[in-house]
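Encoded as C-alpha cells, the structure appears first; notes follow it.
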Amino acid sequence: MRIGIDIDGTSMRLGIVDGGQIFRKLVVPTKADESEGVIIDHLIETIGTIINSNIRGIGIGVSGIVKTSKGIIQDAINIPSWKKVPLKDILEKEFRIPVFVNNDSNCFAFGERYYGEGTLYRDIVCVTLSIGVGAGIIINNELYNGYNTGAGEIGSLPYLYSDYERYCGQKFFVRNNTTAQEAYELALQGDDKMLVLWNELGEHIGNLMKTILFTYDPQAIILGGNIVKGYELFADNMYESVYKFPFKETVERVKILLSKKEDINLLGAAALVV
C-alpha cells in the first residue's frame with residue numbers, strides 16, 4: 001500500500017492506493033496563504049490520520065517546479081510560501097518511510113500510463129488544459145522529467161501574441177470576459193457567441209497538438225483538466241487543425257484520448273513509490 005497526494009493552490013487530495021484502487025480518500029484545504037511551516041504541519045497532520053504500518057511509501061504531486069532527485073519543491077504554483085521546500089527530507093524524517101515528490105503534470109502522465117488511457121502505449125504525452133496548460137511525457141515507458149521537472153511546460157511555448165497557456169486554458173475565456181464553465185453552459189443553450197469561442201479554442205488546441213507531434217511524435221496524446229468538459233464543443237475544430245499537420249501517416253496513427261478517471265493525479269503520485 002502507498003499514499004498518494006495531489007497538492008494544488010486550493011486543496012490537498014490524499015488517499016491510500018493499492019492495486020489501482022483508492023481507499024480512505026481525504027480532501028482538505030491547502031491553506032495556500034499561510035506560511036511554509038503552517039502548510040507543512042497541516043500536511044503532516046493530515047497524513048497522520050490515514051497512515052498505517054502497511055504503508056511502504058508516499059508519493060506527492062505538486063503544481064510547480066520540483067527537483068525530483070532530492071524532493072525539493074523549488075517553486076509551487078499558487079502557494080507563495082513554498083519556495084525551496086525540502087519536502088522529501090521533512091516527511092521522511094517524520095514518518096520513516098520513502099517519499100517521492102514530482103510535478104503534478106508528471107503524476108497525471110504516470111497515472112494514465114499505469115491506471116488510465118495510456119496502458120496500451122509506450123510513448124504518450126498527457127496534456128492538462130485547466131488554469132494552466134502543461135504536459136507529462138512518457139518515453140519508452142519512462143517518465144521524462146527534464147533536469148528540474150521543466151520538461152512538458154508546453155503552455156509557456158510562444159504562440160501568436162503570447163503563449164499556448166493564454167489560448168488553450170482558462171485564460172482564453174477570462175480574456176474573452178467569461179469563464180470556461182459559463183461559456184460551456186451558454187454554448188449548450190445555443191449561445192452563438194460562446195459556440196464561436198469554443199470553435200476558436202479548438203483551433204488553438206489543435207495547433208498545440210501539432211506542436212506536440214513535431215516535438216515528441218507520441219503514440220497517443222491524452223487530454224485532461226476541466227477544459228475537457230467542453231470537448232464536444234471544440235473537438236471538430238481541433239481535429240480540423242490537427243489534420244493540417246504535414247505528415248499524413250503521423251496524424252493517421254496518433255490517438256487523441258480523454259482522461260476518464262477523476263483521481264488520476266492521485267493514482268499517479270502513488271505510482272511514484274518504487
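By order of appearance in the C-alpha cells: chains A, B, ..., then residues from 1 within every chain, and ligands from 1 in the order shown.
If you count only C-alpha atoms and ignore residues fewer than 5 places along the chain from range 50-59 of chain A, what sits within 8 Å of it is Met1, Arg2, Ile3, Gly4, Ile5, Gly15, Ile16, Arg24, Ile97, Pro98, Val99, Phe100, Val101, Ala269, Ala270, Ala271, Leu272 and Val273 of chain A.
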List every residue of range 139-241 of chain A that has an atom at most 10 Å from any atom of range 102-124 of chain A, and for each one report the closest atom pair and its distance in Å to one decimal, counting only C-alpha atoms, with rows sorted by chain and then by increasing residue number, as CSV.
```
residue,atom,partner,partner_atom,distance
A:Ile139,CA,A:Asp123,CA,4.7
A:Asn140,CA,A:Arg122,CA,4.9
A:Asn141,CA,A:Arg122,CA,4.7
A:Glu142,CA,A:Arg122,CA,8.1
A:Leu143,CA,A:Phe110,CA,7.1
A:Tyr144,CA,A:Asn106,CA,8.2
A:Asn145,CA,A:Asn106,CA,7.3
A:Asn148,CA,A:Asn103,CA,9.5
A:Thr149,CA,A:Asn103,CA,6.5
A:Gly150,CA,A:Asn103,CA,8.7
A:Ala151,CA,A:Asn106,CA,9.2
A:Gly152,CA,A:Ser105,CA,8.0
A:Glu153,CA,A:Ser105,CA,9.0
A:Tyr216,CA,A:Ile124,CA,8.6
A:Asp217,CA,A:Asp123,CA,8.3
A:Pro218,CA,A:Asp123,CA,5.1
A:Gln219,CA,A:Asp123,CA,5.5
A:Ala220,CA,A:Ile124,CA,5.0
A:Ile221,CA,A:Ile124,CA,5.7
A:Ile222,CA,A:Glu117,CA,7.3
A:Leu223,CA,A:Glu117,CA,9.9
A:Gly224,CA,A:Phe108,CA,8.5
A:Gly225,CA,A:Phe108,CA,9.9
```
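Among the candidates A:Ile256, A:Val228, A:Leu195, A:Leu186, the one nearest to Val133 in chain A when counting only C-alpha atoms is A:Val228.
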Task: Pick from A:Pro158, A:Gly230, A:Gly48, A:Gly37 nearest to Glu182 in chain A, counting only C-alpha atoms - done: A:Gly230
Residue contacts of Pro29 in chain A (7 Å, only C-alpha atoms) excluding same-chain residues fewer than 4 positions away, as a compact mmCIF listing (two decimals) with C-alpha atoms, in the first residue's frame:
```txt
# COMPACT_ATOMS: atom_id res chain seq x y z
CA THR A 10 -6.76 25.09 -3.41
CA SER A 11 -6.74 21.59 -1.94
CA MET A 12 -4.73 18.57 -0.88
```
Open item on the list: Counting only C-alpha atoms, which residue out of A:Val66, A:Ile40, A:Ile205, A:Ile264 sits closest to Asp6 in chain A?
Closed with: A:Ile264
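Taking CA of Leu213 in chain A and CA of Cys168 in chain A as endpoints, the distance between them is 16.6 Å.
Atom to atom, CA of Leu201 in chain A and CA of Glu252 in chain A stand 22.3 Å apart.
Taking CA of Leu197 in chain A as the reference point, CA of Ile227 in chain A is found at 12.7 Å.
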Task: alpha helix (DSSP H) residues, from DSSP on the backbone, in range 39-162 of chain A, as a PyMOL selection string - done: chain A and resi 39-48+87-95+104-115
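Shortest atom-to-atom contact with Phe172 in chain A among A:Ser130, A:Ser259, A:Ser156, A:Thr211: A:Ser130, counting only C-alpha atoms.
Using only C-alpha atoms, the nearest neighbour of Gly169 in chain A within the list A:Leu157, A:Ile131, A:Leu188, A:Val27 is A:Ile131.
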- [ ] Please return as a ChimeraX atom specification: the residues of range 5-210 of chain A that backbone DSSP assigns to strand (DSSP E).
- [x] /A:5-7,11-18,21-29,58-62,64-67,72-76,99-103,124-129,133-139,142-144,158-159,162-163
